[in-house]
Amino acid sequence: MIFDELRPKIQKLIQEQHISVTDRLHQICVLLKEEVAHYDWVGFYFKNGDKKELKLKTYVGAPTDHEIIPFGKGICGQVAESNQNFVVPDVQAQDNYIACSISVKSEIVIPLFKNGENIGQIDIDSNQKDPFTEADERFLEFVNKEAAKML
Ligand code: SME
């Protein structure tokens, strides 16, 4: 199972303290996009200071216009308020969705907690329809938990 192979690689990467936090987050994006066939765009958004908005910190995949997302808007903005995982098997069937690219068919957003506070999220788009399972959710929760250690 690819996720079992990726877990130790993520842990190792996060411990590379000579690499900046942003670069380590970026390397996580690179690793996930390269190794997981159904991950086509991988990025981290974080709360933008005191503002009720998310700001894109780093990503891999097609460029997006949505570097800032207000809380409540789109899948990402909803996760900022709900603190819950959000899996969208078919983005065309989803209300309150912000389209980034016409090739995207599905999306998963997992909140990232630091000391119990929802400070950001990992956002993944797939060009496949309905590819995400509970294994993706558990794995991405792990990734965020590890990432939180360096934030
Ligand atoms: N689709 C997201 C917007 C971010 S892009 O996927 C990069 C949303 O609805 O919040």
# chains A, B, ... in the order shown; residues from 1 in each chain; ligands from 1

call {"tool": "residues_around", "arguments": {"residues": "region 115-128 of chain A", "least_positions_apart": "6", "cutoff": "6 Å", "atoms": "only C-alpha atoms", "output": "PDB file with C-alpha atoms, in the first residue's frame"}}
result
ATOM      1  CA  HIS A  38      -4.973  10.035  -8.184  1.00  0.00           C
ATOM      2  CA  TYR A  39      -3.386  13.201  -6.694  1.00  0.00           C
ATOM      3  CA  ASP A  40      -3.113  15.811  -9.468  1.00  0.00           C
ATOM      4  CA  TRP A  41      -2.935  19.064  -7.491  1.00  0.00           C
ATOM      5  CA  VAL A  42      -1.651  19.189  -3.905  1.00  0.00           C
ATOM      6  CA  GLY A  43      -1.437  22.346  -1.826  1.00  0.00           C
ATOM      7  CA  PHE A  44      -1.438  23.760   1.696  1.00  0.00           C
ATOM      8  CA  TYR A  45      -3.623  26.719   2.658  1.00  0.00           C
ATOM      9  CA  PHE A  46      -3.249  28.511   6.011  1.00  0.00           C
ATOM     10  CA  LYS A  47      -5.294  31.091   7.883  1.00  0.00           C
ATOM     11  CA  SER A 103      -9.839  18.809 -15.644  1.00  0.00           C
ATOM     12  CA  VAL A 104     -10.565  18.458 -11.910  1.00  0.00           C
ATOM     13  CA  LYS A 105     -13.273  15.894 -11.122  1.00  0.00           C
ATOM     14  CA  SER A 106     -12.980  15.424  -7.362  1.00  0.00           C
ATOM     15  CA  GLU A 107     -11.404  16.988  -4.293  1.00  0.00           C
ATOM     16  CA  ILE A 108     -10.433  16.212  -0.694  1.00  0.00           C
ATOM     17  CA  VAL A 109      -9.696  18.808   1.974  1.00  0.00           C
TER      18      VAL A 109
END

call {"tool": "residues_near_ligand", "arguments": {"ligand": "ligand 1", "cutoff": "10 Å", "atoms": "only C-alpha atoms and all ligand atoms", "output": "PyMOL selection string"}}
result
chain A and resi 41-45+54+56+59-80+88+91+94-101+104+106-109+123-126

call {"tool": "closest_residue", "arguments": {"among": "A:Lys114, A:Lys52, A:Lys57, A:Arg138", "to": "Cys29 (chain A)", "atoms": "only C-alpha atoms"}}
result
A:Lys57

call {"tool": "closest_atom_pairs", "arguments": {"of": "region 112-151 of chain A", "to": "region 6-15 of chain A", "cutoff": "10 Å", "atoms": "only C-alpha atoms", "output": "tab-separated table"}}
result
residue	atom	partner	partner_atom	distance
A:Phe139	CA	A:Arg7	CA	7.8
A:Leu140	CA	A:Arg7	CA	9.8
A:Phe142	CA	A:Arg7	CA	7.8
A:Val143	CA	A:Ile10	CA	7.0
A:Glu146	CA	A:Gln11	CA	6.6
A:Ala147	CA	A:Ile14	CA	6.6
A:Ala148	CA	A:Ile14	CA	9.5
A:Lys149	CA	A:Ile14	CA	8.1
A:Met150	CA	A:Ile14	CA	7.0

call {"tool": "atom_distance", "arguments": {"atom1": "CA of Thr58 (chain A)", "atom2": "CA of Val21 (chain A)"}}
result
10.6 Å

call {"tool": "atom_distance", "arguments": {"atom1": "CA of Glu81 (chain A)", "atom2": "CA of Lys55 (chain A)"}}
result
14.6 Å

call {"tool": "select_by_dssp", "arguments": {"residues": "chain A", "states": "strand (DSSP E)", "output": "NGL selection string"}}
result
:A and (41-47 or 53-60 or 68-70 or 86-88 or 106-114 or 117-126)
